[in-house]
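> See model.txt below, with compact mmCIF, N, CA, C and O atoms.
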# COMPACT_ATOMS: atom_id res chain seq x y z
N MET T 1328 0.85 -1.16 0.00
CA MET T 1328 0.00 0.00 0.00
C MET T 1328 0.90 1.23 0.00
O MET T 1328 1.88 1.30 0.73
N ILE T 1329 0.56 2.21 -0.82
CA ILE T 1329 1.31 3.46 -0.88
C ILE T 1329 0.50 4.54 -0.15
O ILE T 1329 -0.64 4.81 -0.50
N LEU T 1330 1.11 5.10 0.90
CA LEU T 1330 0.46 6.14 1.70
C LEU T 1330 1.25 7.43 1.56
O LEU T 1330 2.47 7.41 1.39
N THR T 1331 0.57 8.55 1.66
CA THR T 1331 1.22 9.85 1.60
C THR T 1331 1.47 10.33 3.02
O THR T 1331 0.53 10.51 3.79
N VAL T 1332 2.74 10.51 3.37
CA VAL T 1332 3.12 10.94 4.71
C VAL T 1332 3.24 12.46 4.70
O VAL T 1332 3.98 13.03 3.90
N VAL T 1333 2.48 13.10 5.57
CA VAL T 1333 2.49 14.56 5.70
C VAL T 1333 3.39 14.92 6.86
O VAL T 1333 3.29 14.33 7.94
N GLN T 1334 4.25 15.89 6.65
CA GLN T 1334 5.13 16.33 7.74
C GLN T 1334 5.20 17.83 7.76
O GLN T 1334 4.79 18.50 6.81
N GLY T 1335 5.68 18.38 8.85
CA GLY T 1335 5.77 19.83 8.99
C GLY T 1335 4.50 20.39 9.61
O GLY T 1335 3.43 19.80 9.54
N ARG T 1336 4.61 21.54 10.21
CA ARG T 1336 3.47 22.15 10.90
C ARG T 1336 2.33 22.51 9.96
O ARG T 1336 1.18 22.39 10.31
N GLN T 1337 2.63 22.96 8.78
CA GLN T 1337 1.59 23.37 7.84
C GLN T 1337 1.17 22.23 6.92
O GLN T 1337 0.24 22.39 6.14
N GLY T 1338 1.85 21.11 7.00
CA GLY T 1338 1.50 19.99 6.14
C GLY T 1338 1.90 20.20 4.70
O GLY T 1338 1.41 19.53 3.80
N SER T 1339 2.80 21.13 4.47
CA SER T 1339 3.20 21.45 3.11
C SER T 1339 4.26 20.49 2.58
O SER T 1339 4.47 20.41 1.38
N GLU T 1340 4.93 19.78 3.45
CA GLU T 1340 5.94 18.81 3.04
C GLU T 1340 5.32 17.42 3.11
O GLU T 1340 4.64 17.08 4.06
N TRP T 1341 5.58 16.61 2.10
CA TRP T 1341 5.02 15.27 2.08
C TRP T 1341 5.88 14.36 1.21
O TRP T 1341 6.69 14.82 0.42
N PHE T 1342 5.71 13.07 1.39
CA PHE T 1342 6.36 12.07 0.55
C PHE T 1342 5.51 10.81 0.56
O PHE T 1342 4.70 10.60 1.47
N ASP T 1343 5.65 10.00 -0.45
CA ASP T 1343 4.92 8.74 -0.54
C ASP T 1343 5.76 7.63 0.05
O ASP T 1343 6.98 7.59 -0.13
N LEU T 1344 5.12 6.72 0.76
CA LEU T 1344 5.81 5.61 1.40
C LEU T 1344 5.04 4.32 1.11
O LEU T 1344 3.83 4.27 1.31
N GLU T 1345 5.76 3.32 0.65
CA GLU T 1345 5.13 2.02 0.38
C GLU T 1345 5.39 1.09 1.55
O GLU T 1345 6.53 0.90 1.97
N VAL T 1346 4.32 0.54 2.10
CA VAL T 1346 4.42 -0.40 3.22
C VAL T 1346 3.53 -1.61 2.92
O VAL T 1346 2.50 -1.47 2.26
N PRO T 1347 3.91 -2.79 3.42
CA PRO T 1347 3.07 -3.97 3.20
C PRO T 1347 1.73 -3.83 3.92
O PRO T 1347 1.65 -3.29 5.02
N ASP T 1348 0.67 -4.32 3.31
CA ASP T 1348 -0.68 -4.25 3.90
C ASP T 1348 -0.76 -4.96 5.25
O ASP T 1348 -1.53 -4.58 6.11
N GLU T 1349 0.04 -6.01 5.42
CA GLU T 1349 -0.04 -6.79 6.66
C GLU T 1349 0.83 -6.21 7.78
O GLU T 1349 0.96 -6.81 8.84
N SER T 1350 1.39 -5.02 7.59
CA SER T 1350 2.19 -4.38 8.62
C SER T 1350 1.33 -4.01 9.82
O SER T 1350 0.18 -3.62 9.68
N THR T 1351 1.92 -4.11 11.00
CA THR T 1351 1.22 -3.66 12.20
C THR T 1351 1.44 -2.15 12.35
O THR T 1351 2.36 -1.58 11.76
N ILE T 1352 0.61 -1.54 13.16
CA ILE T 1352 0.75 -0.10 13.41
C ILE T 1352 2.08 0.17 14.13
O ILE T 1352 2.75 1.16 13.86
N GLN T 1353 2.48 -0.74 15.03
CA GLN T 1353 3.76 -0.58 15.73
C GLN T 1353 4.93 -0.56 14.75
O GLN T 1353 5.84 0.26 14.87
N TYR T 1354 4.91 -1.48 13.78
CA TYR T 1354 5.96 -1.51 12.77
C TYR T 1354 5.93 -0.21 11.95
O TYR T 1354 6.97 0.38 11.66
N PHE T 1355 4.74 0.22 11.59
CA PHE T 1355 4.58 1.44 10.80
C PHE T 1355 5.11 2.66 11.57
O PHE T 1355 5.77 3.52 10.99
N LYS T 1356 4.87 2.70 12.88
CA LYS T 1356 5.41 3.78 13.71
C LYS T 1356 6.93 3.78 13.66
O LYS T 1356 7.56 4.84 13.58
N SER T 1357 7.52 2.60 13.73
CA SER T 1357 8.99 2.48 13.70
C SER T 1357 9.55 3.02 12.39
O SER T 1357 10.52 3.77 12.38
N VAL T 1358 8.93 2.62 11.29
CA VAL T 1358 9.39 3.08 9.98
C VAL T 1358 9.26 4.60 9.88
O VAL T 1358 10.19 5.29 9.42
N LEU T 1359 8.13 5.13 10.32
CA LEU T 1359 7.93 6.58 10.25
C LEU T 1359 8.90 7.34 11.16
O LEU T 1359 9.41 8.39 10.79
N ALA T 1360 9.16 6.82 12.36
CA ALA T 1360 10.07 7.48 13.29
C ALA T 1360 11.47 7.58 12.68
O ALA T 1360 12.11 8.64 12.76
N VAL T 1361 11.93 6.51 12.07
CA VAL T 1361 13.25 6.53 11.46
C VAL T 1361 13.28 7.50 10.28
O VAL T 1361 14.21 8.29 10.11
N ARG T 1362 12.24 7.48 9.49
CA ARG T 1362 12.19 8.32 8.29
C ARG T 1362 12.02 9.81 8.63
O ARG T 1362 12.67 10.67 8.04
N LEU T 1363 11.18 10.12 9.61
CA LEU T 1363 10.89 11.52 9.94
C LEU T 1363 11.88 12.14 10.93
O LEU T 1363 12.26 13.29 10.80
N PHE T 1364 12.25 11.36 11.95
CA PHE T 1364 13.07 11.91 13.03
C PHE T 1364 14.51 11.39 13.01
O PHE T 1364 15.30 11.73 13.90
N ASN T 1365 14.84 10.53 12.05
CA ASN T 1365 16.19 9.96 11.91
C ASN T 1365 16.64 9.22 13.16
O ASN T 1365 17.82 9.26 13.52
N GLU T 1366 15.71 8.58 13.84
CA GLU T 1366 16.04 7.80 15.02
C GLU T 1366 14.99 6.72 15.23
O GLU T 1366 13.82 6.92 14.88
N PRO T 1367 15.38 5.59 15.79
CA PRO T 1367 14.37 4.56 16.09
C PRO T 1367 13.47 5.04 17.22
O PRO T 1367 13.84 5.94 17.98
N PRO T 1368 12.28 4.46 17.35
CA PRO T 1368 11.38 4.87 18.44
C PRO T 1368 12.06 4.71 19.80
O PRO T 1368 12.75 3.73 20.05
N GLN T 1369 11.84 5.68 20.66
CA GLN T 1369 12.43 5.65 22.00
C GLN T 1369 11.38 5.25 23.02
O GLN T 1369 10.19 5.53 22.83
N ASP T 1370 11.81 4.61 24.10
CA ASP T 1370 10.88 4.10 25.10
C ASP T 1370 10.12 5.21 25.83
O ASP T 1370 8.98 5.05 26.19
N HIS T 1371 10.76 6.33 26.09
CA HIS T 1371 10.13 7.40 26.87
C HIS T 1371 9.30 8.35 26.01
O HIS T 1371 8.76 9.33 26.52
N VAL T 1372 9.18 8.07 24.74
CA VAL T 1372 8.42 8.93 23.83
C VAL T 1372 7.24 8.14 23.28
O VAL T 1372 7.39 6.99 22.89
N GLN T 1373 6.08 8.76 23.28
CA GLN T 1373 4.90 8.12 22.69
C GLN T 1373 4.71 8.67 21.28
O GLN T 1373 4.94 9.85 21.03
N TYR T 1374 4.32 7.78 20.38
CA TYR T 1374 4.08 8.17 19.01
C TYR T 1374 2.62 7.88 18.67
O TYR T 1374 2.11 6.81 18.98
N ILE T 1375 1.96 8.84 18.07
CA ILE T 1375 0.57 8.68 17.69
C ILE T 1375 0.49 8.76 16.17
O ILE T 1375 0.92 9.76 15.58
N VAL T 1376 -0.03 7.72 15.54
CA VAL T 1376 -0.21 7.73 14.10
C VAL T 1376 -1.63 8.17 13.80
O VAL T 1376 -2.59 7.60 14.31
N GLU T 1377 -1.76 9.20 12.98
CA GLU T 1377 -3.06 9.69 12.55
C GLU T 1377 -3.17 9.54 11.05
O GLU T 1377 -2.17 9.55 10.33
N ALA T 1378 -4.38 9.38 10.57
CA ALA T 1378 -4.62 9.20 9.14
C ALA T 1378 -5.86 9.99 8.74
O ALA T 1378 -6.66 10.38 9.58
N LYS T 1379 -5.98 10.22 7.45
CA LYS T 1379 -7.19 10.84 6.93
C LYS T 1379 -7.34 10.48 5.46
O LYS T 1379 -6.37 10.19 4.77
N PHE T 1380 -8.57 10.49 5.04
CA PHE T 1380 -8.89 10.30 3.64
C PHE T 1380 -8.96 11.68 3.00
O PHE T 1380 -9.23 12.66 3.70
N PRO T 1381 -8.73 11.79 1.71
CA PRO T 1381 -8.83 13.11 1.07
C PRO T 1381 -10.18 13.77 1.37
O PRO T 1381 -11.23 13.15 1.23
N GLY T 1382 -10.13 15.00 1.85
CA GLY T 1382 -11.35 15.74 2.15
C GLY T 1382 -11.99 15.41 3.48
O GLY T 1382 -13.08 15.87 3.77
N ALA T 1383 -11.33 14.62 4.32
CA ALA T 1383 -11.90 14.22 5.61
C ALA T 1383 -11.04 14.75 6.75
O ALA T 1383 -10.04 15.43 6.53
N HIS T 1384 -11.42 14.41 7.99
CA HIS T 1384 -10.70 14.84 9.18
C HIS T 1384 -9.69 13.77 9.61
O HIS T 1384 -9.84 12.60 9.29
N TRP T 1385 -8.71 14.19 10.38
CA TRP T 1385 -7.71 13.27 10.91
C TRP T 1385 -8.35 12.37 11.97
O TRP T 1385 -9.19 12.82 12.74
N PHE T 1386 -7.92 11.12 12.03
CA PHE T 1386 -8.34 10.20 13.08
C PHE T 1386 -7.14 9.36 13.50
O PHE T 1386 -6.19 9.18 12.75
N VAL T 1387 -7.17 8.87 14.74
CA VAL T 1387 -6.06 8.11 15.31
C VAL T 1387 -6.18 6.64 14.89
O VAL T 1387 -7.25 6.06 14.94
N LEU T 1388 -5.04 6.06 14.50
CA LEU T 1388 -5.01 4.64 14.18
C LEU T 1388 -4.67 3.87 15.45
O LEU T 1388 -3.65 4.13 16.08
N PRO T 1389 -5.52 2.92 15.86
CA PRO T 1389 -5.25 2.16 17.09
C PRO T 1389 -4.03 1.27 16.94
O PRO T 1389 -3.79 0.69 15.89
N ASP T 1390 -3.25 1.18 18.02
CA ASP T 1390 -2.02 0.38 18.01
C ASP T 1390 -2.25 -1.11 17.81
O ASP T 1390 -1.36 -1.83 17.41
N THR T 1391 -3.43 -1.58 18.12
CA THR T 1391 -3.68 -3.02 18.13
C THR T 1391 -4.03 -3.58 16.76
O THR T 1391 -4.29 -4.76 16.64
N LYS T 1392 -4.04 -2.76 15.76
CA LYS T 1392 -4.49 -3.21 14.44
C LYS T 1392 -3.35 -3.31 13.44
O LYS T 1392 -2.28 -2.78 13.64
N GLN T 1393 -3.66 -4.02 12.34
CA GLN T 1393 -2.78 -4.02 11.18
C GLN T 1393 -3.28 -2.96 10.22
O GLN T 1393 -4.44 -2.55 10.27
N LEU T 1394 -2.41 -2.52 9.32
CA LEU T 1394 -2.82 -1.48 8.37
C LEU T 1394 -4.03 -1.91 7.56
O LEU T 1394 -4.93 -1.11 7.30
N SER T 1395 -4.09 -3.17 7.19
CA SER T 1395 -5.20 -3.64 6.37
C SER T 1395 -6.54 -3.61 7.12
O SER T 1395 -7.59 -3.57 6.51
N GLU T 1396 -6.50 -3.58 8.45
CA GLU T 1396 -7.72 -3.57 9.27
C GLU T 1396 -8.20 -2.15 9.59
O GLU T 1396 -9.26 -1.99 10.17
N THR T 1397 -7.43 -1.14 9.23
CA THR T 1397 -7.79 0.23 9.61
C THR T 1397 -8.70 0.91 8.60
O THR T 1397 -9.23 1.97 8.88
N GLY T 1398 -8.86 0.33 7.43
CA GLY T 1398 -9.70 0.93 6.41
C GLY T 1398 -8.93 1.87 5.48
O GLY T 1398 -9.52 2.46 4.58
N LEU T 1399 -7.62 2.01 5.72
CA LEU T 1399 -6.83 2.86 4.85
C LEU T 1399 -6.73 2.25 3.46
O LEU T 1399 -6.78 1.04 3.30
N ARG T 1400 -6.60 3.10 2.49
CA ARG T 1400 -6.42 2.64 1.12
C ARG T 1400 -5.35 3.51 0.45
O ARG T 1400 -4.94 4.51 1.01
N GLU T 1401 -4.94 3.09 -0.73
CA GLU T 1401 -3.91 3.83 -1.46
C GLU T 1401 -4.29 5.30 -1.56
O GLU T 1401 -5.44 5.63 -1.83
N GLY T 1402 -3.33 6.17 -1.30
CA GLY T 1402 -3.58 7.60 -1.41
C GLY T 1402 -4.05 8.25 -0.12
O GLY T 1402 -4.23 9.47 -0.08
N SER T 1403 -4.25 7.46 0.95
CA SER T 1403 -4.63 8.06 2.23
C SER T 1403 -3.43 8.83 2.80
O SER T 1403 -2.29 8.52 2.51
N TYR T 1404 -3.74 9.83 3.62
CA TYR T 1404 -2.69 10.62 4.25
C TYR T 1404 -2.43 10.09 5.66
O TYR T 1404 -3.36 9.69 6.36
N VAL T 1405 -1.17 10.10 6.08
CA VAL T 1405 -0.82 9.72 7.45
C VAL T 1405 0.18 10.73 7.99
O VAL T 1405 0.88 11.41 7.23
N ARG T 1406 0.20 10.85 9.31
CA ARG T 1406 1.21 11.68 9.97
C ARG T 1406 1.54 11.05 11.30
O ARG T 1406 0.75 10.29 11.87
N LEU T 1407 2.71 11.36 11.81
CA LEU T 1407 3.17 10.82 13.08
C LEU T 1407 3.36 11.97 14.05
O LEU T 1407 4.10 12.92 13.76
N GLN T 1408 2.67 11.90 15.18
CA GLN T 1408 2.80 12.91 16.23
C GLN T 1408 3.69 12.34 17.32
O GLN T 1408 3.51 11.20 17.76
N LYS T 1409 4.64 13.12 17.76
CA LYS T 1409 5.58 12.70 18.79
C LYS T 1409 5.18 13.40 20.09
O LYS T 1409 5.06 14.63 20.12
N THR T 1410 4.94 12.63 21.15
CA THR T 1410 4.53 13.22 22.43
C THR T 1410 5.51 12.83 23.51
O THR T 1410 6.15 11.78 23.44
N PHE T 1411 5.62 13.66 24.51
CA PHE T 1411 6.56 13.42 25.61
C PHE T 1411 5.79 13.34 26.92
O PHE T 1411 5.91 14.20 27.77
N SER T 1412 4.99 12.33 27.08
CA SER T 1412 4.20 12.17 28.28
C SER T 1412 4.87 11.15 29.20
O SER T 1412 5.57 10.26 28.74
N THR T 1413 4.61 11.28 30.48
CA THR T 1413 5.18 10.32 31.42
C THR T 1413 4.23 9.17 31.71
O THR T 1413 4.58 8.25 32.42
N THR T 1414 3.02 9.23 31.17
CA THR T 1414 2.05 8.17 31.40
C THR T 1414 1.25 7.92 30.13
O THR T 1414 1.15 8.80 29.27
N GLU T 1415 0.70 6.73 30.03
CA GLU T 1415 -0.15 6.42 28.89
C GLU T 1415 -1.63 6.58 29.23
O GLU T 1415 -2.50 6.42 28.40
N LYS T 1416 -1.92 6.89 30.51
CA LYS T 1416 -3.30 7.05 30.94
C LYS T 1416 -3.82 8.42 30.55
O LYS T 1416 -3.07 9.39 30.46
N GLU T 1417 -5.12 8.49 30.32
CA GLU T 1417 -5.75 9.76 30.00
C GLU T 1417 -6.40 10.34 31.25
O GLU T 1417 -6.84 9.61 32.13
N ALA T 1418 -6.49 11.66 31.31
CA ALA T 1418 -7.14 12.31 32.44
C ALA T 1418 -8.64 12.08 32.35
O ALA T 1418 -9.23 12.11 31.27
N PRO T 1419 -9.28 11.81 33.48
CA PRO T 1419 -10.73 11.57 33.44
C PRO T 1419 -11.51 12.84 33.13
O PRO T 1419 -11.11 13.93 33.52
N VAL T 1420 -12.59 12.67 32.43
CA VAL T 1420 -13.47 13.80 32.13
C VAL T 1420 -14.62 13.73 33.13
O VAL T 1420 -15.40 12.78 33.13
N ILE T 1421 -14.72 14.73 34.00
CA ILE T 1421 -15.71 14.70 35.05
C ILE T 1421 -17.02 15.35 34.61
O ILE T 1421 -18.08 14.93 34.95
N GLY T 1422 -16.93 16.38 33.83
CA GLY T 1422 -18.13 17.05 33.36
C GLY T 1422 -17.82 17.83 32.11
O GLY T 1422 -16.67 18.06 31.78
N LYS T 1423 -18.86 18.22 31.42
CA LYS T 1423 -18.66 19.01 30.21
C LYS T 1423 -19.24 20.39 30.43
O LYS T 1423 -20.24 20.56 31.10
N ARG T 1424 -18.60 21.36 29.85
CA ARG T 1424 -19.04 22.74 29.99
C ARG T 1424 -19.18 23.33 28.59
O ARG T 1424 -18.30 23.18 27.75
N LEU T 1425 -20.28 23.97 28.36
CA LEU T 1425 -20.51 24.59 27.07
C LEU T 1425 -19.67 25.85 26.93
O LEU T 1425 -19.46 26.58 27.90
N LEU T 1426 -19.19 26.09 25.74
CA LEU T 1426 -18.39 27.28 25.50
C LEU T 1426 -19.23 28.54 25.68
O LEU T 1426 -18.83 29.49 26.33
N PHE T 1427 -20.43 28.56 25.13
CA PHE T 1427 -21.33 29.70 25.26
C PHE T 1427 -22.52 29.24 26.09
O PHE T 1427 -23.36 28.47 25.62
N GLN T 1428 -22.56 29.66 27.34
CA GLN T 1428 -23.64 29.24 28.23
C GLN T 1428 -24.72 30.31 28.24
O GLN T 1428 -24.45 31.50 28.38
N SER T 1429 -25.93 29.86 28.10
CA SER T 1429 -27.04 30.82 28.11
C SER T 1429 -27.72 30.79 29.47
O SER T 1429 -27.89 29.74 30.08
N GLY T 1430 -28.12 31.96 29.93
CA GLY T 1430 -28.85 32.04 31.19
C GLY T 1430 -27.95 31.89 32.40
O GLY T 1430 -26.73 31.82 32.31
N SER T 1431 -28.57 31.77 33.52
CA SER T 1431 -27.86 31.66 34.79
C SER T 1431 -27.62 30.20 35.12
O SER T 1431 -28.38 29.31 34.76
N LEU T 1432 -26.55 29.94 35.84
CA LEU T 1432 -26.21 28.58 36.22
C LEU T 1432 -26.56 28.27 37.68
O LEU T 1432 -26.02 27.38 38.26
N THR T 1433 -27.45 29.00 38.28
CA THR T 1433 -27.80 28.79 39.67
C THR T 1433 -28.75 27.68 39.90
O THR T 1433 -29.39 27.13 39.10
What do you get writing this file as structure tokens?

Amino acid sequence: MILTVVQGRQGSEWFDLEVPDESTIQYFKSVLAVRLFNEPPQDHVQYIVEAKFPGAHWFVLPDTKQLSETGLREGSYVRLQKTFSTTEKEAPVIGKRLLFQSGSLT
């Protein structure tokens, strides 16, 4: 499968990358890390692979899947986000607040 890798803050830089359909997301992260950051994946750094179809929004590819199971097809866009978190847990969401609240909250 040939995927278009988007890099840079504005997404103006890109290149095509051919990867086997049966590749795991973990393997794909490793290939992207070496290609984009010139280093193998590091243990203290989390990598998030995101993808999108032309004209659609970005979505996260789950680590537990193979590329063929994600629904990606030739020409899809992918990007690798590098994060420096000390934990893999997410903060709990206790409540939601509307941006524009109408009326009084009493």
> Taking all atoms listed in the file into account, which of T:Val1361, T:Lys1379, T:Val1346, T:Thr1391 comes nearest Ser1403 (chain T)?
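Among T:Val1361, T:Lys1379, T:Val1346, T:Thr1391, it is T:Lys1379 that comes nearest to Ser1403 (chain T).
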> To one decimal place, how far is CA of Gln1393 (chain T) from atom C of Glu1340 (chain T) in Å?
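These atoms are spaced 24.3 Å apart.
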> Give me the residues near Lys1356 (chain T) as a compact mmCIF listing (two decimals) with N, CA, C and O atoms, in the coordinates of the input, where near means some atom within 7 Å (using all atoms listed in the file) and where sequence neighbours in that chain fewer than 4 positions away do not count.

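So the final result, stored in around-v9.txt, reads:
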# COMPACT_ATOMS: atom_id res chain seq x y z
N THR T 1351 1.92 -4.11 11.00
CA THR T 1351 1.22 -3.66 12.20
C THR T 1351 1.44 -2.15 12.35
O THR T 1351 2.36 -1.58 11.76
N ILE T 1352 0.61 -1.54 13.16
CA ILE T 1352 0.75 -0.10 13.41
C ILE T 1352 2.08 0.17 14.13
O ILE T 1352 2.75 1.16 13.86
N ALA T 1360 9.16 6.82 12.36
CA ALA T 1360 10.07 7.48 13.29
C ALA T 1360 11.47 7.58 12.68
O ALA T 1360 12.11 8.64 12.76
N VAL T 1361 11.93 6.51 12.07
CA VAL T 1361 13.25 6.53 11.46
C VAL T 1361 13.28 7.50 10.28
O VAL T 1361 14.21 8.29 10.11
N ARG T 1362 12.24 7.48 9.49
CA ARG T 1362 12.19 8.32 8.29
C ARG T 1362 12.02 9.81 8.63
O ARG T 1362 12.67 10.67 8.04
N GLU T 1366 15.71 8.58 13.84
CA GLU T 1366 16.04 7.80 15.02
C GLU T 1366 14.99 6.72 15.23
O GLU T 1366 13.82 6.92 14.88
N PRO T 1367 15.38 5.59 15.79
CA PRO T 1367 14.37 4.56 16.09
C PRO T 1367 13.47 5.04 17.22
O PRO T 1367 13.84 5.94 17.98
N PRO T 1368 12.28 4.46 17.35
CA PRO T 1368 11.38 4.87 18.44
C PRO T 1368 12.06 4.71 19.80
O PRO T 1368 12.75 3.73 20.05
N TYR T 1374 4.32 7.78 20.38
CA TYR T 1374 4.08 8.17 19.01
C TYR T 1374 2.62 7.88 18.67
O TYR T 1374 2.11 6.81 18.98
N VAL T 1376 -0.03 7.72 15.54
CA VAL T 1376 -0.21 7.73 14.10
C VAL T 1376 -1.63 8.17 13.80
O VAL T 1376 -2.59 7.60 14.31
> Mind pulling up the distance from atom O of Pro1381 (chain T) to atom O of Thr1410 (chain T)?
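Separation between atom O of Thr1410 (chain T) and atom O of Pro1381 (chain T): 28.2 Å.
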> With only N, CA, C and O atoms as the basis for distance, which of T:Glu1349, T:Phe1364, T:Tyr1404, T:Gln1373 is at the shortest distance from Leu1330 (chain T)?
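Closest residue, counting only N, CA, C and O atoms: T:Tyr1404.
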